There are 2 protein chains.
Amino acid sequence: MKTRRTPAFAKASAGRQNLIAVALVGALAFTATIARAQDPLPSWNDGPAKQAIVEFVKATTTQGSPQFVPPEERIAAFDQDGTLWVEHPMYTQAMYCLERVPALVKAKPELAKVAPFSTVLELLHGDRAAMEKLHMEDLMKILAATSTGMSVEEFSAEAKKWLGEAKDSRWKKPYTELTYQPMQEVLKYLRANGFKTYIVTGGGQDFVRQFAEKTYGITLEQVVGTMGGTTYGYDKDGKPFLTKEPRLLLNDNNAGKPEGIHLMIGRRPYAAFGNSTGDQQMLEYTKAGDGARLCMLVLHDDATREYAYGPAQGLPDTKVGTFTQALYDEAKKRGWIVISMKDDWKQVFAFEK
Amino acid sequence: MKTRRTPAFAKASAGRQNLIAVALVGALAFTATIARAQDPLPSWNDGPAKQAIVEFVKATTTQGSPQFVPPEERIAAFDQDGTLWVEHPMYTQAMYCLERVPALVKAKPELAKVAPFSTVLELLHGDRAAMEKLHMEDLMKILAATSTGMSVEEFSAEAKKWLGEAKDSRWKKPYTELTYQPMQEVLKYLRANGFKTYIVTGGGQDFVRQFAEKTYGITLEQVVGTMGGTTYGYDKDGKPFLTKEPRLLLNDNNAGKPEGIHLMIGRRPYAAFGNSTGDQQMLEYTKAGDGARLCMLVLHDDATREYAYGPAQGLPDTKVGTFTQALYDEAKKRGWIVISMKDDWKQVFAFEK
């Protein structure tokens with residue numbers, strides 16, 4: 001019995017040891033998985049930017065923290081162009097308006113020989129890159145002609161159709177795939193911690209609403225943008241509808257950003273993210289509140305994976321809102337954190353995987 | 001053993017029967033409690049109005065229902081004055097502006113002899129009821145003088161202070177207690193079923209935001225009202241702040257209500273509640289959408305517990321937005337449901353208990 005028992009016991013014991021070893025290895029692997037799963041910002045390299053985000057969330061959401069913020073006050077504001085997705089060499093909405101010109105001219109043939117529509121028609125069939133050089137005044141005329149004078153439903157259908165088909169020239173992908181993976185993680189991380197994430201964009205509020213939900217998980221009501229008026233009326237069957245008007249209610253850029261935030265949200269944000277002079281006042285306004293406030297600016301310094309541009313990169317200022325040297329100095333002075341795309345982001349786009 | 005056993009068994013049996021009886025009574029009582037607890041609208045009398053609300057919620061929130069509405073689209077819009085709280089004989093916000101006049105004149109003594117401020121000063125110390133007869137034009141002047149030209153924080157502090165102290169003349173209670181209990185139940189019932197409840201008021205957006213959260217459980221971002229512009233600037237220490245301006249962005253009344261809804265929400269509501277001609281377009285716009293849409297109008301026909309007024313009550317139209325006979329006819333034609341305060345509401349105010 002003993003001879004039998006001993007090997008049996010030895011086997012059982014060896015088996016037990018194996019089981020323990022397996023369990024230990026499993027536990028370690030499991031712990032590593034948890035650690036990875038627990039990193040809410042896996043596309044960020046370790047560094048002051050990532051650290052600032054994590055510390056801000058900890059300070060504002062830990063019960064008993066002196067900087068605790070009640071859930072209803074947790075507002076985070078994100079610029080869109082250049083902060084959440086690619087804005088270079090041209091804003092996506094500007095591209096939308098330009099590419100709507102042929103359809104506009106088809107509907108109103110008298111515009112075919114009128115500038116700036118005639119210029120756009122030529123460039124669309126020739127030197128597309130030259131469209132970047134169109135003046136803002138011309139762009140505004142084109143915007144008014146292509147995005148107003150129709151019902152909100154017509155605008156929505158046209159914009160959605162274009163967004164589903166159009167592709168950018170460098171990556172050959174829909175514009176809505178050109179969002180920054182690290183910023184998508186920040187949006188999710190903040191929402192998981194009870195923050196309401198708002199887009200606060202100089203772009204058209206109605207335009208951005210066409211994709212914000214699907215692209216960023218941001219509901220229509222949480223899109224603050226440049227606002228145009230609408231007019232209520234009735235169709236021939238007496239059915240009411242709203243017509244988009246060229247009447248500007250609020251230019252949600254620069255000082256317009258805090259004004260738009262007050263109008264649409266009614267609260268000062270605790271966190272604000274931007275990338276250009278157009279975001280400066282939003283960051284100032286955010287930082288001027290009490291308690292922990294997180295202000296960050298994305299610096300486009302990655303010519304390989306995305307673009308490098310703006311005076312803070314030693315490059316000429318080619319457009320309205322860029323990261324000027326003055327903005328860079330202001331950021332350093334006021335304790336805003338500059339995100340270096342090159343150094344702080346492990347991965348830029350989701351499709352890089 | 002048998003003799004012992006039988007009584008023991010009999011006792012046990014009787015005990016079991018008692019237990020069953022107790023359990024049954026308990027279950028019935030429990031069921032009744034559940035039934036009461038499950039009635040989401042206990043202050044409503046049974047009738048077509050209550051039934052319409054319950055059926056609308058069932059149709060739009062039951063998975064598989066042909067009229068099911070995805071949670072992100074569940075928007076309900078509520079007028080405030082006369083729909084959620086008492087508006088008679090004068091809007092609370094008008095009372096606020098009038099009672100701010102003495103402080104205004106103290107700060108700007110030159111106004112003491114200028115109409116309409118001089119008139120208001122006289123009436124405040126004499127015939128207060130005559131203030132109801134002030135013209136809208138005068139009220140707008142007083143509104144601009146008492147609610148703009150200050151920072152949003154100053155306005156907020158002043159309005160909150162007044163709301164905490166002021167009492168209405170009939171019930172001698174703070175205005176914020178004069179909300180309709182049945183409508184509070186509708187707000188809670190809709191929210192419990194995934195609806196976002198918005199106030200869509202002709203009143204000042206910034207004014208209503210001072211009490212919406214505490215009074216109705218409606219967060220600041222979900223208050224749509226008449227909107228004024230603000231201007232971003234800096235104080236002497238360089239700290240940024242927003243100044244309230246007399247510049248009107250949107251008059252959130254009549255056609256302005258659907259326009260305001262598009263601006264602030266970007267979606268057509270599935271339910272809308274009002275009480276006057278100022279709400280007509282909001283109800284039309286709501287009803288014009290596909291699927292189940294609930295449109296309701298509160299009729300003030302209860303002179304005993306609240307007030308009876310408006311042409312639909314056979315009484316003269318004394319103010320801008322009332323329940324006209326034309327509105328009543330429109331409601332009947334379009335399938336909007338008229339809530340009779342007298343017949344449909346078991347209880348009007350929470351403090352009646």
# chains A, B, ... in the order shown; residues from 1 in each chain; ligands from 1

$ closest_atom_pairs --of "chain B" --to "chain A" --cutoff "10 Å" --atoms "only C-alpha atoms" --output "CSV"
residue,atom,partner,partner_atom,distance
B:Glu72,CA,A:Thr219,CA,7.6
B:Glu73,CA,A:Thr219,CA,9.6
B:Val152,CA,A:His262,CA,8.8
B:Gln205,CA,A:Leu263,CA,8.4
B:Asp206,CA,A:Gly266,CA,7.8
B:Arg209,CA,A:Gly266,CA,7.8
B:Glu213,CA,A:Glu72,CA,9.8
B:Thr219,CA,A:Glu72,CA,7.6
B:Leu220,CA,A:Gly266,CA,6.0
B:Glu221,CA,A:Ile265,CA,4.6
B:Gln222,CA,A:Ile265,CA,8.1
B:Val223,CA,A:Met264,CA,8.9
B:Val224,CA,A:Met264,CA,8.6
B:Gly225,CA,A:Leu263,CA,10.0
B:Met227,CA,A:Leu263,CA,7.4
B:Gly228,CA,A:Leu263,CA,8.3
B:Gly229,CA,A:Glu259,CA,7.6
B:Thr230,CA,A:Glu259,CA,5.9
B:Thr231,CA,A:Glu259,CA,6.8
B:Tyr232,CA,A:Ala255,CA,5.8
B:Gly233,CA,A:Ala255,CA,8.2
B:Tyr234,CA,A:Tyr285,CA,9.9
B:Gly238,CA,A:Ala288,CA,9.9
B:Lys239,CA,A:Ala288,CA,6.6
B:Pro240,CA,A:Tyr285,CA,6.0
B:Phe241,CA,A:Tyr285,CA,7.3
B:Leu242,CA,A:Glu259,CA,7.2
B:Thr243,CA,A:Glu259,CA,9.4
B:Lys244,CA,A:Glu259,CA,9.9
B:Leu248,CA,A:Leu249,CA,9.7
B:Leu249,CA,A:Leu249,CA,6.4
B:Leu250,CA,A:Leu249,CA,8.5
B:Asn254,CA,A:Tyr232,CA,9.5
B:Ala255,CA,A:Tyr232,CA,5.8
B:Gly256,CA,A:Tyr232,CA,7.7
B:Lys257,CA,A:Tyr232,CA,9.2
B:Pro258,CA,A:Tyr232,CA,7.2
B:Glu259,CA,A:Thr230,CA,5.9
B:Gly260,CA,A:Thr230,CA,8.9
B:Ile261,CA,A:Glu221,CA,9.8
B:His262,CA,A:Thr230,CA,8.2
B:Leu263,CA,A:Met227,CA,7.5
B:Met264,CA,A:Glu221,CA,6.4
B:Ile265,CA,A:Glu221,CA,4.6
B:Gly266,CA,A:Leu220,CA,6.0
B:Arg267,CA,A:Leu220,CA,7.7
B:Gln281,CA,A:Pro240,CA,8.3
B:Met282,CA,A:Pro240,CA,9.9
B:Glu284,CA,A:Pro240,CA,7.0
B:Tyr285,CA,A:Pro240,CA,6.0
B:Thr286,CA,A:Pro240,CA,9.5
B:Lys287,CA,A:Pro240,CA,9.5
B:Ala288,CA,A:Lys239,CA,6.6
B:Gly289,CA,A:Pro240,CA,9.7

$ write_last_selection --atoms "N, CA and C atoms" --output "compact mmCIF listing (two decimals), in the first residue's frame"
# COMPACT_ATOMS: atom_id res chain seq x y z
N GLU B 72 -30.95 57.58 -27.56
CA GLU B 72 -30.32 58.86 -27.87
C GLU B 72 -31.28 59.85 -28.53
N GLU B 73 -32.39 59.33 -29.07
CA GLU B 73 -33.35 60.22 -29.74
C GLU B 73 -34.52 60.61 -28.85
N VAL B 152 -21.77 87.20 -16.01
CA VAL B 152 -22.72 86.10 -15.83
C VAL B 152 -22.74 85.65 -14.37
N GLN B 205 -32.95 82.30 -20.89
CA GLN B 205 -32.22 81.04 -20.67
C GLN B 205 -31.37 81.13 -19.40
N ASP B 206 -30.67 82.23 -19.24
CA ASP B 206 -29.81 82.37 -18.06
C ASP B 206 -30.61 82.46 -16.76
N ARG B 209 -31.93 78.93 -15.88
CA ARG B 209 -30.83 78.06 -15.44
C ARG B 209 -30.48 78.22 -13.97
N GLU B 213 -32.15 73.13 -12.12
CA GLU B 213 -31.56 71.90 -11.60
C GLU B 213 -32.24 71.50 -10.28
N THR B 219 -30.75 69.67 -15.86
CA THR B 219 -29.41 70.22 -15.86
C THR B 219 -29.33 71.48 -16.75
N LEU B 220 -28.40 72.37 -16.45
CA LEU B 220 -28.28 73.66 -17.14
C LEU B 220 -28.27 73.52 -18.65
N GLU B 221 -27.56 72.49 -19.14
CA GLU B 221 -27.41 72.31 -20.58
C GLU B 221 -28.74 71.99 -21.23
N GLN B 222 -29.72 71.59 -20.43
CA GLN B 222 -31.01 71.21 -21.01
C GLN B 222 -32.07 72.30 -20.82
N VAL B 223 -31.59 73.51 -20.64
CA VAL B 223 -32.50 74.67 -20.61
C VAL B 223 -32.31 75.46 -21.90
N VAL B 224 -33.38 75.52 -22.69
CA VAL B 224 -33.39 76.31 -23.92
C VAL B 224 -34.33 77.47 -23.66
N GLY B 225 -33.84 78.68 -23.82
CA GLY B 225 -34.71 79.82 -23.55
C GLY B 225 -34.35 80.97 -24.47
N MET B 227 -32.37 83.79 -25.74
CA MET B 227 -30.91 83.86 -25.58
C MET B 227 -30.38 85.25 -25.89
N GLY B 228 -29.57 85.76 -25.00
CA GLY B 228 -28.87 87.01 -25.25
C GLY B 228 -27.40 86.72 -25.47
N GLY B 229 -26.73 87.62 -26.17
CA GLY B 229 -25.30 87.45 -26.38
C GLY B 229 -24.50 87.80 -25.14
N THR B 230 -23.27 87.32 -25.10
CA THR B 230 -22.33 87.74 -24.07
C THR B 230 -21.08 88.25 -24.78
N THR B 231 -20.25 89.00 -24.05
CA THR B 231 -18.98 89.45 -24.62
C THR B 231 -17.86 89.05 -23.69
N TYR B 232 -16.85 88.44 -24.29
CA TYR B 232 -15.68 87.97 -23.55
C TYR B 232 -14.72 89.14 -23.34
N GLY B 233 -14.23 89.28 -22.14
CA GLY B 233 -13.26 90.34 -21.86
C GLY B 233 -12.43 90.00 -20.64
N TYR B 234 -11.64 90.95 -20.16
CA TYR B 234 -10.72 90.71 -19.04
C TYR B 234 -10.91 91.78 -17.97
N GLY B 238 -6.49 90.94 -15.49
CA GLY B 238 -6.29 90.05 -16.63
C GLY B 238 -7.11 88.78 -16.57
N LYS B 239 -8.01 88.69 -15.60
CA LYS B 239 -8.85 87.49 -15.48
C LYS B 239 -10.03 87.61 -16.45
N PRO B 240 -10.23 86.57 -17.27
CA PRO B 240 -11.31 86.67 -18.26
C PRO B 240 -12.70 86.49 -17.65
N PHE B 241 -13.67 87.17 -18.21
CA PHE B 241 -15.07 86.98 -17.78
C PHE B 241 -16.01 87.33 -18.93
N LEU B 242 -17.25 86.89 -18.81
CA LEU B 242 -18.28 87.13 -19.83
C LEU B 242 -19.28 88.16 -19.31
N THR B 243 -19.57 89.16 -20.13
CA THR B 243 -20.56 90.17 -19.77
C THR B 243 -21.86 89.89 -20.52
N LYS B 244 -22.97 89.94 -19.82
CA LYS B 244 -24.28 89.75 -20.46
C LYS B 244 -24.66 91.01 -21.23
N LEU B 248 -30.05 90.50 -28.54
CA LEU B 248 -30.88 89.29 -28.60
C LEU B 248 -30.36 88.33 -29.67
N LEU B 249 -30.11 87.09 -29.28
CA LEU B 249 -29.70 86.08 -30.28
C LEU B 249 -30.90 85.32 -30.82
N LEU B 250 -31.81 84.97 -29.93
CA LEU B 250 -32.99 84.21 -30.36
C LEU B 250 -34.12 84.41 -29.35
N ASN B 254 -42.93 81.17 -29.89
CA ASN B 254 -43.57 80.93 -31.19
C ASN B 254 -42.63 80.18 -32.12
N ALA B 255 -42.38 80.72 -33.34
CA ALA B 255 -41.48 80.04 -34.29
C ALA B 255 -40.07 79.92 -33.72
N GLY B 256 -39.72 80.78 -32.78
CA GLY B 256 -38.40 80.71 -32.15
C GLY B 256 -38.19 79.42 -31.37
N LYS B 257 -39.28 78.77 -30.95
CA LYS B 257 -39.10 77.53 -30.17
C LYS B 257 -38.51 76.39 -31.01
N PRO B 258 -39.09 76.05 -32.17
CA PRO B 258 -38.40 75.03 -32.98
C PRO B 258 -37.00 75.47 -33.40
N GLU B 259 -36.81 76.76 -33.68
CA GLU B 259 -35.47 77.24 -34.05
C GLU B 259 -34.49 77.04 -32.89
N GLY B 260 -34.94 77.35 -31.69
CA GLY B 260 -34.10 77.17 -30.50
C GLY B 260 -33.81 75.69 -30.24
N ILE B 261 -34.80 74.86 -30.48
CA ILE B 261 -34.61 73.41 -30.30
C ILE B 261 -33.56 72.90 -31.28
N HIS B 262 -33.63 73.34 -32.53
CA HIS B 262 -32.62 72.90 -33.50
C HIS B 262 -31.23 73.38 -33.09
N LEU B 263 -31.17 74.62 -32.66
CA LEU B 263 -29.88 75.20 -32.27
C LEU B 263 -29.27 74.46 -31.08
N MET B 264 -30.06 74.26 -30.06
CA MET B 264 -29.52 73.76 -28.80
C MET B 264 -29.51 72.24 -28.71
N ILE B 265 -30.42 71.57 -29.38
CA ILE B 265 -30.54 70.11 -29.25
C ILE B 265 -30.16 69.42 -30.56
N GLY B 266 -30.61 69.97 -31.68
CA GLY B 266 -30.29 69.36 -32.97
C GLY B 266 -31.15 68.16 -33.32
N ARG B 267 -32.19 67.94 -32.54
CA ARG B 267 -33.11 66.82 -32.82
C ARG B 267 -34.54 67.30 -32.62
N GLN B 281 -46.00 76.42 -32.37
CA GLN B 281 -45.05 75.95 -33.38
C GLN B 281 -44.22 74.78 -32.85
N MET B 282 -43.88 74.81 -31.58
CA MET B 282 -43.11 73.70 -31.00
C MET B 282 -43.93 72.40 -31.08
N GLU B 284 -46.44 71.79 -33.24
CA GLU B 284 -46.54 71.44 -34.67
C GLU B 284 -45.29 70.70 -35.13
N TYR B 285 -44.14 71.27 -34.79
CA TYR B 285 -42.85 70.72 -35.21
C TYR B 285 -42.66 69.32 -34.64
N THR B 286 -43.02 69.15 -33.39
CA THR B 286 -42.91 67.85 -32.73
C THR B 286 -43.80 66.83 -33.43
N LYS B 287 -45.05 67.21 -33.64
CA LYS B 287 -46.04 66.29 -34.22
C LYS B 287 -45.70 65.94 -35.67
N ALA B 288 -44.97 66.81 -36.37
CA ALA B 288 -44.66 66.58 -37.78
C ALA B 288 -43.62 65.47 -37.98
N GLY B 289 -43.00 65.00 -36.91
CA GLY B 289 -42.05 63.90 -37.03
C GLY B 289 -42.76 62.56 -37.20

$ residues_around --residues "range 139-149 of chain A" --least-positions-apart "6" --cutoff "10 Å" --atoms "only C-alpha atoms" --output "VMD selection string"
chain A and resid 93 to 101 103 to 105 115 to 117 120 131 155 to 156 158 to 159 204 206 to 207 228 to 231 242 to 247

$ closest_residue --among "B:Ala308, B:Leu134, B:Val186, B:Val208" --to "Ala77 in chain B" --atoms "only C-alpha atoms"
B:Val186

$ select_by_dssp --residues "range 122-345 of chain B" --states "alpha helix (DSSP H)" --output "PyMOL selection string"
chain B and resi 122-125+136-147+152-165+181-192+205-208+212-216+256-264+280-287+325-334+341-344

$ residues_around --residues "Val54 in chain A" --least-positions-apart "5" --cutoff "10 Å" --atoms "only C-alpha atoms" --output "MDAnalysis selection string"
chainID A and resid 39:41 48:49 59 186 189:190

$ write_last_selection --atoms "N, CA, C and O atoms" --output "PDB file, in the first residue's frame"
ATOM      1  N   ASP A  39      -4.763  50.556 -18.318  1.00  0.00           N
ATOM      2  CA  ASP A  39      -4.192  51.780 -18.872  1.00  0.00           C
ATOM      3  C   ASP A  39      -5.242  52.385 -19.796  1.00  0.00           C
ATOM      4  O   ASP A  39      -5.534  51.842 -20.862  1.00  0.00           O
ATOM      5  N   PRO A  40      -5.836  53.500 -19.390  1.00  0.00           N
ATOM      6  CA  PRO A  40      -6.914  54.053 -20.206  1.00  0.00           C
ATOM      7  C   PRO A  40      -6.378  54.785 -21.436  1.00  0.00           C
ATOM      8  O   PRO A  40      -7.144  55.155 -22.317  1.00  0.00           O
ATOM      9  N   LEU A  41      -5.063  54.984 -21.481  1.00  0.00           N
ATOM     10  CA  LEU A  41      -4.470  55.776 -22.566  1.00  0.00           C
ATOM     11  C   LEU A  41      -3.318  55.005 -23.232  1.00  0.00           C
ATOM     12  O   LEU A  41      -2.174  55.478 -23.257  1.00  0.00           O
ATOM     13  N   PRO A  48       4.941  63.828 -19.396  1.00  0.00           N
ATOM     14  CA  PRO A  48       4.167  64.834 -18.658  1.00  0.00           C
ATOM     15  C   PRO A  48       2.733  65.015 -19.180  1.00  0.00           C
ATOM     16  O   PRO A  48       1.830  65.294 -18.390  1.00  0.00           O
ATOM     17  N   ALA A  49       2.505  64.838 -20.473  1.00  0.00           N
ATOM     18  CA  ALA A  49       1.151  65.042 -21.011  1.00  0.00           C
ATOM     19  C   ALA A  49       0.205  63.960 -20.496  1.00  0.00           C
ATOM     20  O   ALA A  49      -0.842  64.247 -19.910  1.00  0.00           O
ATOM     21  N   ALA A  59      -7.682  63.661  -9.464  1.00  0.00           N
ATOM     22  CA  ALA A  59      -7.953  64.775  -8.537  1.00  0.00           C
ATOM     23  C   ALA A  59      -9.420  65.188  -8.553  1.00  0.00           C
ATOM     24  O   ALA A  59      -9.988  65.524  -7.519  1.00  0.00           O
ATOM     25  N   VAL A 186      -8.765  59.764 -24.800  1.00  0.00           N
ATOM     26  CA  VAL A 186      -9.042  60.789 -23.777  1.00  0.00           C
ATOM     27  C   VAL A 186     -10.553  61.003 -23.653  1.00  0.00           C
ATOM     28  O   VAL A 186     -11.100  61.073 -22.540  1.00  0.00           O
ATOM     29  N   TYR A 189     -11.952  58.022 -21.816  1.00  0.00           N
ATOM     30  CA  TYR A 189     -11.466  58.005 -20.429  1.00  0.00           C
ATOM     31  C   TYR A 189     -12.232  59.032 -19.593  1.00  0.00           C
ATOM     32  O   TYR A 189     -12.673  58.742 -18.471  1.00  0.00           O
ATOM     33  N   LEU A 190     -12.415  60.227 -20.137  1.00  0.00           N
ATOM     34  CA  LEU A 190     -13.141  61.258 -19.400  1.00  0.00           C
ATOM     35  C   LEU A 190     -14.604  60.852 -19.211  1.00  0.00           C
ATOM     36  O   LEU A 190     -15.157  61.003 -18.120  1.00  0.00           O
TER      37      LEU A 190
END

$ residues_around --residues "Thr83 in chain A" --least-positions-apart "3" --cutoff "10 Å" --atoms "only C-alpha atoms" --output "VMD selection string"
chain A and resid 78 to 80 86 to 87 179 to 180 183 201 273 to 276 296 to 300

$ write_last_selection --atoms "N, CA, C and O atoms" --output "compact mmCIF listing (two decimals), in the first residue's frame"
# COMPACT_ATOMS: atom_id res chain seq x y z
N PHE A 78 -13.58 70.10 -26.30
CA PHE A 78 -12.57 69.73 -27.29
C PHE A 78 -12.78 70.49 -28.58
O PHE A 78 -13.85 70.39 -29.21
N ASP A 79 -11.77 71.26 -28.99
CA ASP A 79 -11.76 71.76 -30.35
C ASP A 79 -11.73 70.54 -31.27
O ASP A 79 -11.30 69.46 -30.87
N GLN A 80 -12.20 70.72 -32.52
CA GLN A 80 -12.18 69.56 -33.42
C GLN A 80 -11.00 69.58 -34.41
O GLN A 80 -10.09 68.77 -34.32
N VAL A 86 -7.49 65.44 -38.33
CA VAL A 86 -6.57 66.18 -39.21
C VAL A 86 -7.25 67.43 -39.77
O VAL A 86 -8.40 67.36 -40.22
N GLU A 87 -6.54 68.56 -39.76
CA GLU A 87 -7.08 69.79 -40.32
C GLU A 87 -6.24 70.28 -41.51
O GLU A 87 -6.57 71.26 -42.16
N THR A 179 -9.23 60.55 -37.34
CA THR A 179 -9.25 61.07 -35.97
C THR A 179 -8.04 60.51 -35.23
O THR A 179 -7.55 59.43 -35.56
N TYR A 180 -7.60 61.27 -34.24
CA TYR A 180 -6.41 60.86 -33.48
C TYR A 180 -6.79 59.84 -32.41
O TYR A 180 -7.59 60.14 -31.51
N MET A 183 -6.55 60.91 -28.77
CA MET A 183 -7.62 61.80 -28.31
C MET A 183 -8.94 61.04 -28.16
O MET A 183 -9.74 61.34 -27.27
N THR A 201 -16.15 73.83 -31.54
CA THR A 201 -15.43 73.97 -32.80
C THR A 201 -15.77 75.26 -33.53
O THR A 201 -16.89 75.76 -33.41
N PHE A 273 -9.25 71.32 -24.59
CA PHE A 273 -8.20 70.85 -25.50
C PHE A 273 -8.30 71.62 -26.81
O PHE A 273 -9.38 71.72 -27.39
N GLY A 274 -7.18 72.14 -27.28
CA GLY A 274 -7.17 72.86 -28.54
C GLY A 274 -5.86 72.65 -29.26
O GLY A 274 -5.05 71.80 -28.89
N ASN A 275 -5.64 73.43 -30.32
CA ASN A 275 -4.36 73.32 -31.03
C ASN A 275 -3.96 74.61 -31.74
O ASN A 275 -3.00 74.60 -32.49
N SER A 276 -4.75 75.69 -31.51
CA SER A 276 -4.44 76.91 -32.28
C SER A 276 -4.87 78.16 -31.54
O SER A 276 -5.53 78.08 -30.49
N MET A 296 -4.89 71.82 -22.49
CA MET A 296 -3.88 71.18 -23.32
C MET A 296 -3.96 71.66 -24.76
O MET A 296 -5.04 71.97 -25.27
N LEU A 297 -2.80 71.69 -25.41
CA LEU A 297 -2.71 72.11 -26.81
C LEU A 297 -1.93 71.06 -27.60
O LEU A 297 -0.81 70.70 -27.22
N VAL A 298 -2.51 70.59 -28.69
CA VAL A 298 -1.83 69.63 -29.55
C VAL A 298 -0.88 70.39 -30.48
O VAL A 298 -1.32 71.29 -31.21
N LEU A 299 0.39 70.03 -30.44
CA LEU A 299 1.37 70.65 -31.34
C LEU A 299 1.67 69.68 -32.49
O LEU A 299 2.07 68.54 -32.26
N HIS A 300 1.44 70.17 -33.68
CA HIS A 300 1.65 69.32 -34.86
C HIS A 300 3.12 69.37 -35.26
O HIS A 300 3.54 70.25 -36.01

$ atom_distance --atom1 "CA of Lys50 in chain B" --atom2 "CA of Ile218 in chain B"
22.1 Å

$ closest_residue --among "A:Tyr307, A:Gly64, A:Pro71, A:Ala272" --to "Leu187 in chain A" --atoms "only C-alpha atoms"
A:Ala272

$ atom_distance --atom1 "CA of Thr92 in chain B" --atom2 "CA of His135 in chain B"
15.9 Å

$ select_by_dssp --residues "range 149-265 of chain B" --states "strand (DSSP E or B)" --output "ChimeraX atom specification"
/B:151,179-180,196-204,223-234,240-250

$ atom_distance --atom1 "CA of Lys346 in chain A" --atom2 "CA of Asp302 in chain A"
11.7 Å

$ closest_residue --among "A:Thr322, A:Ser118, A:Gln313, A:Gln347" --to "Gln181 in chain A" --atoms "only C-alpha atoms"
A:Gln347
